[in-house]
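Next comes data_19.txt, a file with compact mmCIF, C-alpha atoms.
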# COMPACT_ATOMS: atom_id res chain seq x y z
CA MET A 110 31.86 154.92 109.76
CA SER A 111 34.53 156.74 111.65
CA HIS A 112 37.69 155.11 112.96
CA SER A 113 38.73 156.13 116.39
CA LEU A 114 42.33 157.38 116.35
CA SER A 115 43.07 155.58 119.60
CA VAL A 116 42.44 152.14 118.05
CA THR A 117 45.42 150.91 116.09
CA HIS A 118 45.26 147.71 114.10
CA GLN A 119 48.02 145.35 115.05
CA THR A 120 48.93 142.36 112.97
CA PRO A 121 49.19 139.42 115.39
CA MET A 122 52.87 138.61 115.88
CA LYS A 123 54.01 135.05 115.40
CA MET A 124 57.10 133.34 116.65
CA GLY A 125 59.76 132.69 113.98
CA LEU A 126 60.55 129.27 112.68
CA ALA A 127 61.02 126.73 115.45
CA ILE A 128 64.55 125.95 114.39
CA PRO A 129 67.89 127.48 115.42
CA ASN A 130 69.15 130.42 113.36
CA SER A 131 72.21 128.38 112.44
CA LYS A 132 70.09 125.61 110.93
CA LEU A 133 68.03 128.10 108.90
CA CYS A 134 71.26 129.72 107.73
CA MET A 135 72.72 126.38 106.69
CA TRP A 136 69.58 125.52 104.71
CA LEU A 137 69.64 128.91 102.98
CA PHE A 138 73.28 128.30 102.11
CA LEU A 139 72.43 124.81 100.81
CA GLY A 140 69.79 126.45 98.63
CA THR A 141 72.54 128.50 97.00
CA GLU A 142 74.68 125.39 96.70
CA ILE A 143 71.87 123.62 94.86
CA MET A 144 71.93 126.41 92.28
CA PHE A 145 75.74 126.33 92.21
CA PHE A 146 75.97 122.67 91.33
CA THR A 147 73.00 122.52 89.03
CA ALA A 148 74.66 125.28 87.03
CA PHE A 149 77.54 122.91 86.30
CA ILE A 150 75.49 119.75 85.99
CA GLY A 151 72.94 121.55 83.82
CA SER A 152 75.72 122.90 81.62
CA TYR A 153 77.17 119.39 81.31
CA LEU A 154 73.79 117.97 80.24
CA VAL A 155 73.24 120.74 77.73
CA LEU A 156 76.77 120.59 76.29
CA ARG A 157 76.70 116.83 75.98
CA LEU A 158 73.24 116.67 74.42
CA GLY A 159 74.12 119.44 72.02
CA SER A 160 77.55 118.24 70.99
CA PRO A 161 77.88 116.30 67.71
CA GLY A 162 80.07 113.85 69.60
CA TRP A 163 81.63 113.01 72.96
CA PRO A 164 84.61 110.86 73.97
CA SER A 165 83.06 107.68 75.29
CA ASP A 166 85.93 105.21 74.85
CA VAL A 167 87.44 104.41 78.24
CA ARG A 168 90.87 104.18 76.61
CA ASP A 169 90.52 107.89 75.87
CA THR A 170 88.68 109.22 78.91
CA HIS A 171 90.33 106.99 81.54
CA ILE A 172 87.10 107.00 83.51
CA ASN A 173 87.14 104.22 86.11
CA VAL A 174 83.61 103.12 87.04
CA ARG A 175 84.85 100.84 89.82
CA LEU A 176 86.65 103.67 91.61
CA GLY A 177 83.61 105.90 91.14
CA GLY A 178 81.38 103.20 92.62
CA ILE A 179 83.69 102.74 95.61
CA ASN A 180 83.65 106.50 96.19
CA THR A 181 79.85 106.46 96.10
CA PHE A 182 79.79 103.78 98.78
CA VAL A 183 82.38 105.71 100.85
CA LEU A 184 80.21 108.83 100.88
CA ILE A 185 77.01 106.92 101.62
CA LEU A 186 78.69 105.20 104.57
CA SER A 187 79.99 108.55 105.80
CA SER A 188 76.48 110.04 105.54
CA TYR A 189 75.16 107.19 107.66
CA LEU A 190 77.89 107.78 110.26
CA VAL A 191 76.96 111.48 110.29
CA VAL A 192 73.37 110.68 111.34
CA VAL A 193 74.74 108.24 113.92
CA ALA A 194 76.93 111.05 115.29
CA HIS A 195 73.97 113.43 115.48
CA GLU A 196 71.74 110.86 117.18
CA SER A 197 74.54 110.19 119.68
CA MET A 198 74.92 113.92 120.40
CA ILE A 199 71.19 114.13 121.15
CA LYS A 200 71.43 111.10 123.47
CA THR A 201 74.54 112.76 125.05
CA ASP A 202 76.68 109.74 124.11
CA PHE A 203 79.56 112.03 123.19
CA LYS A 204 82.14 109.25 122.96
CA LYS A 205 80.14 107.46 120.26
CA ALA A 206 79.49 110.77 118.50
CA TRP A 207 83.21 111.58 118.53
CA LYS A 208 84.16 108.17 117.09
CA SER A 209 81.54 108.49 114.35
CA MET A 210 82.80 111.94 113.38
CA LEU A 211 86.39 110.67 113.30
CA ALA A 212 85.27 107.87 110.99
CA VAL A 213 83.56 110.42 108.75
CA LEU A 214 86.80 112.41 108.55
CA VAL A 215 88.77 109.27 107.69
CA LEU A 216 86.25 108.37 104.97
CA GLY A 217 86.65 111.89 103.61
CA PHE A 218 90.36 111.23 103.24
CA VAL A 219 89.61 107.90 101.54
CA PHE A 220 87.33 109.68 99.06
CA LEU A 221 89.96 112.30 98.30
CA GLY A 222 92.64 109.62 97.99
CA ILE A 223 90.61 107.71 95.39
CA LYS A 224 89.87 110.98 93.59
CA GLY A 225 93.61 111.67 93.64
CA VAL A 226 94.28 108.34 91.97
CA GLU A 227 91.72 109.17 89.28
CA TYR A 228 93.16 112.65 88.76
CA TYR A 229 96.67 111.21 88.52
CA GLY A 230 95.42 108.96 85.71
CA LYS A 231 94.07 112.02 83.90
CA PHE A 232 97.20 114.14 84.42
CA SER A 233 99.56 111.38 83.34
CA HIS A 234 97.67 111.00 80.06
CA ASP A 235 97.41 114.80 79.67
CA ILE A 236 93.62 114.70 79.77
CA LEU A 237 93.44 118.39 80.63
CA PRO A 238 91.31 121.15 79.09
CA GLY A 239 93.20 122.81 76.28
CA HIS A 240 95.85 120.07 76.14
CA ILE A 241 94.06 117.47 74.09
CA ALA A 242 94.68 117.07 70.37
CA GLU A 243 91.39 116.62 68.52
CA ASN A 244 92.59 115.70 65.06
CA ASP A 245 95.61 114.05 63.45
CA SER A 246 97.52 117.23 62.63
CA GLN A 247 97.07 118.56 66.18
CA ALA A 248 98.26 115.21 67.56
CA VAL A 249 101.37 115.28 65.38
CA ALA A 250 102.05 118.91 66.33
CA LYS A 251 101.71 117.99 70.01
CA LEU A 252 104.04 115.01 69.64
CA ILE A 253 106.70 117.20 68.06
CA ARG A 254 106.20 120.02 70.56
CA GLU A 255 106.59 117.67 73.54
CA SER A 256 109.62 115.99 71.94
CA THR A 257 111.20 119.40 71.36
CA GLN A 258 110.59 120.31 75.01
CA ALA A 259 112.22 117.02 76.04
CA ARG A 260 115.21 117.70 73.81
CA ASP A 261 115.59 121.26 75.12
CA ALA A 262 115.35 120.10 78.76
CA MET A 263 118.04 117.49 78.11
CA ALA A 264 120.30 120.06 76.41
CA ALA A 265 119.85 122.47 79.34
CA ASP A 266 120.92 119.72 81.76
CA LEU A 267 123.88 118.51 79.68
CA ILE A 268 125.33 122.02 79.30
CA PRO A 269 124.54 124.08 82.38
CA GLY A 270 125.03 127.76 81.74
CA THR A 271 123.40 130.84 80.34
CA GLU A 272 123.76 130.03 76.63
CA THR A 273 120.61 129.68 74.57
CA ILE A 274 119.25 126.20 73.92
CA ALA A 275 120.30 126.46 70.26
CA GLN A 276 123.88 127.24 71.32
CA LYS A 277 123.89 124.33 73.76
CA ILE A 278 122.59 121.95 71.09
CA SER A 279 125.30 122.96 68.64
CA GLN A 280 127.96 122.64 71.40
CA ILE A 281 126.82 119.08 72.11
CA ARG A 282 126.69 118.19 68.43
CA ASN A 283 130.20 119.59 67.87
CA LYS A 284 131.75 117.39 70.57
CA GLY A 285 132.18 114.54 68.12
CA THR A 286 134.23 111.63 69.53
CA SER A 287 134.76 113.31 72.89
CA ALA A 288 130.99 113.18 73.61
CA SER A 289 129.77 111.24 76.64
CA ASP A 290 127.18 108.45 76.34
CA ALA A 291 124.43 110.86 77.29
CA GLU A 292 125.59 113.39 74.73
CA THR A 293 125.76 110.71 72.03
CA ALA A 294 122.23 109.63 72.88
CA PHE A 295 121.17 113.27 72.74
CA VAL A 296 122.53 113.69 69.21
CA LYS A 297 120.67 110.57 68.03
CA PHE A 298 117.48 111.80 69.67
CA ASP A 299 117.87 115.22 68.05
CA ASP A 300 118.43 113.57 64.63
CA ASP A 301 115.27 111.47 65.08
CA LEU A 302 113.33 114.55 66.06
CA GLN A 303 114.55 116.48 63.00
CA LEU A 304 113.40 113.62 60.74
CA PHE A 305 109.98 113.72 62.35
CA ARG A 306 109.73 117.48 62.04
CA THR A 307 110.61 117.36 58.36
CA ALA A 308 108.11 114.58 57.70
CA ALA A 309 105.41 116.47 59.60
CA ARG A 310 106.10 119.68 57.66
CA ARG A 311 105.75 117.75 54.41
CA GLU A 312 102.54 116.12 55.73
CA GLU A 313 104.19 112.74 55.27
CA LEU A 314 103.94 111.68 58.91
CA LYS A 315 101.14 109.15 59.28
CA LEU A 316 99.60 108.99 62.74
CA PHE A 317 97.55 105.80 62.40
CA SER A 318 98.07 102.60 60.48
CA GLU A 319 94.48 101.44 60.93
CA GLY A 320 91.63 102.19 63.35
CA HIS A 321 92.96 103.15 66.74
CA THR A 322 96.48 101.70 66.17
CA LEU A 323 99.41 104.08 65.95
CA SER A 324 101.60 103.75 62.86
CA GLU A 325 104.82 101.76 63.03
CA SER A 326 107.11 104.78 62.69
CA ILE A 327 105.52 106.58 65.61
CA THR A 328 105.34 103.44 67.77
CA ARG A 329 109.00 102.78 67.12
CA TYR A 330 109.96 106.39 67.89
CA LEU A 331 108.03 106.40 71.18
CA SER A 332 109.31 103.03 72.42
CA ARG A 333 112.93 103.80 71.43
CA TRP A 334 113.18 106.98 73.47
CA ARG A 335 111.04 105.77 76.36
CA GLU A 336 113.49 102.87 76.79
CA ASP A 337 116.75 104.75 76.27
CA ILE A 338 118.32 105.27 79.71
CA ALA A 339 119.85 108.64 78.89
CA VAL A 340 116.76 110.17 77.26
CA SER A 341 113.79 108.52 78.97
CA GLY A 342 113.91 110.79 82.03
CA TYR A 343 113.23 113.81 79.82
CA PHE A 344 110.93 112.06 77.33
CA LEU A 345 107.60 113.12 78.86
CA VAL A 346 105.76 112.60 75.61
CA HIS A 347 102.14 111.54 75.84
CA ASP A 348 100.41 108.98 73.71
CA PRO A 349 99.38 111.01 70.63
CA HIS A 350 95.84 109.63 70.10
CA PRO A 351 93.55 112.53 69.21
CA ILE A 352 90.35 112.61 71.26
CA VAL A 353 87.56 114.36 69.38
CA PHE A 354 85.62 116.66 71.75
CA GLY A 355 88.16 115.73 74.44
CA ASN A 356 88.77 119.30 75.59
CA VAL A 357 85.15 120.09 76.41
CA PHE A 358 84.91 116.71 78.17
CA ALA A 359 88.02 117.44 80.25
CA SER A 360 86.82 120.94 81.06
CA ILE A 361 83.42 119.87 82.35
CA TYR A 362 84.87 116.82 84.15
CA PHE A 363 87.36 118.87 86.16
CA ILE A 364 84.90 121.66 86.89
CA MET A 365 82.32 119.29 88.32
CA THR A 366 84.55 116.89 90.21
CA GLY A 367 86.99 119.62 91.25
CA PHE A 368 84.36 121.80 92.85
CA HIS A 369 82.85 118.74 94.48
CA ALA A 370 86.25 117.78 95.94
CA ILE A 371 86.68 121.34 97.28
CA HIS A 372 83.31 120.99 99.01
CA VAL A 373 84.43 117.68 100.53
CA ILE A 374 87.52 119.41 101.93
CA VAL A 375 85.39 122.20 103.43
CA GLY A 376 83.13 119.57 105.00
CA MET A 377 86.13 117.83 106.50
CA ILE A 378 87.29 121.13 108.02
CA LEU A 379 83.87 121.46 109.65
CA TRP A 380 84.32 118.03 111.28
CA VAL A 381 87.79 118.87 112.59
CA PHE A 382 86.43 121.37 115.10
CA PRO A 383 84.29 118.97 117.18
CA ILE A 384 86.91 116.23 116.77
CA LEU A 385 89.61 118.48 118.22
CA LYS A 386 87.42 118.89 121.30
CA GLY A 387 88.18 115.25 122.13
CA ARG A 388 86.91 114.30 125.59
CA LYS A 389 85.61 117.85 126.09
CA LEU A 390 82.95 117.40 123.40
CA ASP A 391 79.63 118.36 124.96
CA ALA A 392 76.04 119.32 124.15
CA SER A 393 77.08 122.81 123.03
CA TYR A 394 78.30 121.19 119.80
CA THR A 395 74.98 119.51 118.96
CA ASP A 396 73.88 122.27 116.60
CA TRP A 397 77.32 122.32 114.94
CA VAL A 398 77.12 118.57 114.33
CA GLU A 399 73.60 118.82 112.93
CA ASN A 400 74.46 121.67 110.55
CA SER A 401 77.76 120.15 109.44
CA GLY A 402 75.79 116.98 108.86
CA LEU A 403 73.36 118.81 106.60
CA TYR A 404 76.29 120.17 104.59
CA TRP A 405 77.90 116.73 104.39
CA HIS A 406 74.65 115.11 103.23
CA PHE A 407 74.44 117.72 100.50
CA VAL A 408 77.98 116.86 99.34
CA ASP A 409 76.85 113.22 99.22
CA LEU A 410 73.75 114.22 97.24
CA VAL A 411 75.82 115.95 94.59
CA TRP A 412 78.04 112.89 94.21
CA ILE A 413 74.93 110.67 93.94
CA PHE A 414 74.13 112.55 90.74
CA LEU A 415 77.69 113.05 89.50
CA PHE A 416 78.46 109.32 89.61
CA PRO A 417 75.85 108.15 87.09
CA LEU A 418 76.15 111.27 84.92
CA ILE A 419 79.92 111.15 84.49
CA TYR A 420 80.74 107.48 84.89
CA ILE A 421 77.78 105.53 83.60
CA VAL A 422 75.35 107.32 81.34
CA GLN A 423 76.09 107.34 77.62
CA PHE A 424 73.56 109.72 76.18
CA GLY A 425 73.98 111.94 73.18
CA PRO A 426 74.90 111.15 69.61
CA GLY A 427 77.80 108.89 70.56
CA PRO A 428 81.44 109.01 69.50
CA VAL A 429 82.39 110.76 66.31
CA VAL A 430 83.84 108.06 64.10
CA MET B 91 67.28 126.77 122.38
CA SER B 92 67.87 124.02 119.92
CA ALA B 93 64.88 122.08 118.77
CA HIS B 94 66.16 118.52 119.04
CA THR B 95 62.80 116.91 119.62
CA HIS B 96 62.93 114.12 117.13
CA GLY B 97 59.91 112.39 118.63
CA GLY B 98 61.75 109.13 119.08
CA ASP B 99 64.85 107.18 118.19
CA HIS B 100 65.42 106.98 114.46
CA SER B 101 68.46 104.71 114.61
CA GLY B 102 66.63 101.71 113.16
CA LEU B 103 65.21 103.82 110.35
CA TYR B 104 68.67 105.18 109.49
CA ARG B 105 70.06 101.64 109.28
CA ILE B 106 67.28 100.65 106.88
CA VAL B 107 67.89 103.75 104.73
CA PHE B 108 71.64 103.03 104.68
CA GLY B 109 70.96 99.47 103.57
CA ALA B 110 68.63 100.72 100.84
CA LEU B 111 71.26 103.20 99.63
CA CYS B 112 73.84 100.42 99.38
CA ILE B 113 71.44 98.26 97.39
CA PHE B 114 70.59 101.12 95.02
CA THR B 115 74.29 101.85 94.47
CA GLY B 116 74.88 98.20 93.72
CA LEU B 117 72.01 98.27 91.20
CA SER B 118 73.55 101.22 89.34
CA TRP B 119 76.91 99.53 89.27
CA ALA B 120 75.39 96.25 88.05
CA ALA B 121 73.44 98.07 85.34
CA ASP B 122 76.70 99.47 84.01
CA GLU B 123 78.49 96.10 84.10
CA LEU B 124 75.75 94.35 82.09
CA PRO B 125 76.32 93.95 78.32
CA LYS B 126 75.32 97.00 76.33
CA ASP B 127 73.01 95.12 73.95
CA LEU B 128 71.00 94.01 76.98
CA PHE B 129 70.94 97.53 78.37
CA PRO B 130 71.07 100.07 75.57
CA GLY B 131 71.99 103.69 76.19
CA MET B 132 68.59 105.24 76.84
CA THR B 133 67.40 102.38 79.12
CA LEU B 134 70.62 102.52 81.10
CA ALA B 135 70.30 106.29 81.48
CA ILE B 136 66.72 106.07 82.71
CA VAL B 137 67.50 103.26 85.15
CA VAL B 138 70.62 104.78 86.73
CA LEU B 139 69.22 108.31 86.89
CA GLY B 140 66.00 106.93 88.38
CA VAL B 141 68.05 105.04 90.97
CA ALA B 142 70.05 108.22 91.67
CA THR B 143 66.82 110.14 92.24
CA LEU B 144 65.60 107.50 94.70
CA LYS B 145 68.91 107.65 96.56
CA ALA B 146 68.78 111.43 96.65
CA LEU B 147 65.24 111.36 98.01
CA ALA B 148 66.26 108.87 100.71
CA VAL B 149 69.16 111.09 101.81
CA MET B 150 67.08 114.28 101.73
CA LEU B 151 63.97 112.94 103.44
CA PHE B 152 65.61 110.83 106.14
CA PHE B 153 69.25 111.75 106.65
CA MET B 154 68.63 115.45 106.13
CA HIS B 155 65.43 115.07 108.13
CA LEU B 156 63.21 116.90 105.63
CA LYS B 157 60.38 114.39 106.09
CA PHE B 158 60.03 115.57 109.67
CA GLU B 159 60.44 119.28 109.06
CA ARG B 160 57.61 121.71 108.56
CA ALA B 161 56.40 123.75 105.60
CA TRP B 162 59.38 126.12 105.61
CA LYS B 163 61.25 123.50 103.58
CA TYR B 164 59.01 124.22 100.56
CA VAL B 165 59.41 127.98 100.87
CA LEU B 166 63.17 127.63 101.06
CA LEU B 167 63.83 124.94 98.49
CA GLY B 168 61.07 125.72 96.00
CA PRO B 169 62.65 128.84 94.44
CA THR B 170 66.12 127.27 94.31
CA VAL B 171 64.81 124.16 92.56
CA ILE B 172 62.84 126.30 90.09
CA LEU B 173 65.98 128.30 89.28
CA ALA B 174 68.06 125.13 89.13
CA ILE B 175 65.75 123.54 86.56
CA GLY B 176 65.33 126.85 84.76
CA LEU B 177 68.99 127.17 83.79
CA PRO B 178 69.26 123.98 81.69
CA LEU B 179 65.84 124.66 80.19
CA ALA B 180 66.98 128.12 79.17
CA LEU B 181 70.13 126.74 77.53
CA LEU B 182 68.53 123.73 75.86
CA PRO B 183 67.02 125.41 72.80
CA ASP B 184 70.30 127.07 71.77
CA ILE B 185 73.00 124.67 72.90
CA GLY B 186 71.26 121.39 73.73
CA VAL B 187 68.76 121.03 70.93
CA HIS B 188 70.16 123.61 68.55
CA TYR B 189 67.86 124.58 65.74
CA TYR B 190 70.65 125.82 63.50
CA ASP B 191 73.50 124.01 61.75
CA MET B 192 76.28 123.14 64.15
CA ASP B 193 79.51 124.62 62.87
CA VAL B 194 82.34 122.93 64.78
CA PRO B 195 85.73 122.05 63.31
CA GLN B 196 85.70 118.64 65.03
CA ASP B 197 82.64 117.55 63.08
CA PRO B 198 84.23 115.23 60.48
CA ILE B 199 81.91 116.25 57.65
CA ARG B 200 82.63 119.92 58.21
CA ALA B 201 86.29 119.26 58.93
CA ASN B 202 86.62 117.69 55.51
CA ALA B 203 84.81 120.64 54.02
CA TYR B 204 87.25 123.04 55.66
CA GLU B 205 90.23 121.01 54.46
CA ALA B 206 88.83 120.99 50.95
CA LEU B 207 88.37 124.75 51.14
CA ASP B 208 91.96 125.19 52.36
CA ARG B 209 93.29 123.07 49.51
CA VAL B 210 91.30 125.04 46.96
CA SER B 211 92.40 128.42 48.29
CA ALA B 212 96.05 127.26 48.51
CA HIS B 213 96.15 126.33 44.83
CA THR B 214 94.06 129.18 43.46
CA PRO B 215 96.15 132.23 42.59
CA SER B 216 95.06 135.38 44.30
CA SER B 217 92.82 137.49 42.11
CA HIS B 218 94.06 140.83 43.52
Taking this structure as input, can you express it in the form of structure tokens?
Amino acid sequence: MSHSLSVTHQTPMKMGLAIPNSKLCMWLFLGTEIMFFTAFIGSYLVLRLGSPGWPSDVRDTHINVRLGGINTFVLILSSYLVVVAHESMIKTDFKKAWKSMLAVLVLGFVFLGIKGVEYYGKFSHDILPGHIAENDSQAVAKLIRESTQARDAMAADLIPGTETIAQKISQIRNKGTSASDAETAFVKFDDDLQLFRTAARREELKLFSEGHTLSESITRYLSRWREDIAVSGYFLVHDPHPIVFGNVFASIYFIMTGFHAIHVIVGMILWVFPILKGRKLDASYTDWVENSGLYWHFVDLVWIFLFPLIYIVQFGPGPVV
Amino acid sequence: MSAHTHGGDHSGLYRIVFGALCIFTGLSWAADELPKDLFPGMTLAIVVLGVATLKALAVMLFFMHLKFERAWKYVLLGPTVILAIGLPLALLPDIGVHYYDMDVPQDPIRANAYEALDRVSAHTPSSH
């Protein structure tokens, strides 16, 4: 059978997807975001299941389920307002759409504010990756290191100048009876610190008396210098409880919630543009609202999984005793 | 041209979905507040993660409109979901369900072994 050269086979052409390019683009981007977040969530699951232990005591992790629950409700409400905004844009009720978007932006700030409170709790207890002591000797070393930093900061303030810290300390100690109250307090603090350092070097410093309770010597040391007016401003010494597997917990916690918070901020920036339009908001922004809404719903989706995984679920072999 | 033909007003549906999401969130919260002997670890995990999945489906199908979209959603999301599940599965045998002895200093049994080893080597005179 011969094929005539004048007949060319043409594949029937079809129209592309019946959605705007911007919507397709946003969905493609959300596909990459799915992989982005499941990388972290998947890593968290794997690390937690595979670890011989995990900090589960709330006194150690400072995880606040109530705040997490409130944040979940905040994002769900904002997702609902997003669909209200989109429906309003379609019905050309731009005033209602604008108010809904403003409410979404405000709820975004509420979410970040609550997250800020949670992060402050972590920072103030030094629950940061690489900062957490995981056994008694690390906890003692950290206590002494932070006390030494406090002492050095106080010496630097008492004797301004370019001398080394060691020179400043000996200057203060040599003042004798002419020392001010602050300088006298400094000398006592330095003496206390030296006693601790010697005891730690000799492995005589006991961290715990029993269970989770700090020993009397350490409790006394901490309360004395936290209450002393002259020293307390410098005494940024954290509670020295070791948290076994605390560093991997802190690392994965900040990675997951930090990236989520960054995505919330990006979403809020997307909402600012139609909000700034004010009374001039018109149908040309309908696609923008729909696509920003898709992004915002995705941010909500991620939090829907983060909340139970970080705040509620206690899987794995449990705390190392 | 933007395809905003929803085929009707979905406002009522969205209100119902929002209500359902609030109820599901409340269920998760309540499950966590209940005493742990009533709701042991594995049961709690299954319940709250199941609830989270239902919430996620509600948001995806209704708020993100996927229920009303056409087959392109499978083409687009299928590969990403496969890759997303694939990563933890790939890591599980080595890190999640490790088939070898875990050698971490935090493990108290091993930590004691290391300390014992340090004490022995500290008191043993060097042979060379």
Provide as JSON, numbers by chain the residues of chain A at most 8 Å from chain B, counting all atoms listed in the file.
{"A": [126, 127, 128, 129, 136, 137, 140, 141, 143, 144, 147, 148, 151, 152, 154, 155, 156, 157, 158, 159, 160, 161, 162, 174, 178, 181, 182, 185, 186, 188, 189, 192, 193, 196, 199, 243, 244, 353, 354, 396, 402, 403, 406, 410, 413, 414, 417, 418, 421, 422, 423, 424, 429]}
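Put simply, CA of Leu103 in chain B is 28.6 Å away from CA of Arg175 in chain A.
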Is it possible to get the axis-aligned box enclosing range 141-154 of chain B (all listed atoms, 3 Å extra per side) as lines of an AutoDock Vina configuration file, with centre and edge lengths in Å rounded to one decimal?
center_x = 67.0
center_y = 110.2
center_z = 98.8
size_x = 12.1
size_y = 16.4
size_z = 21.7
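The nearest approach to Gly222 in chain A among the residues A:Glu255, A:Trp334, A:Leu176, A:Thr271, with all atoms listed in the file taken into account, belongs to A:Leu176.
With CA of Leu128 in chain B on one side and CA of Val167 in chain A on the other, the separation reads 19.5 Å.
Between CA of Cys134 in chain A and CA of Ile364 in chain A there is a distance of 26.2 Å.
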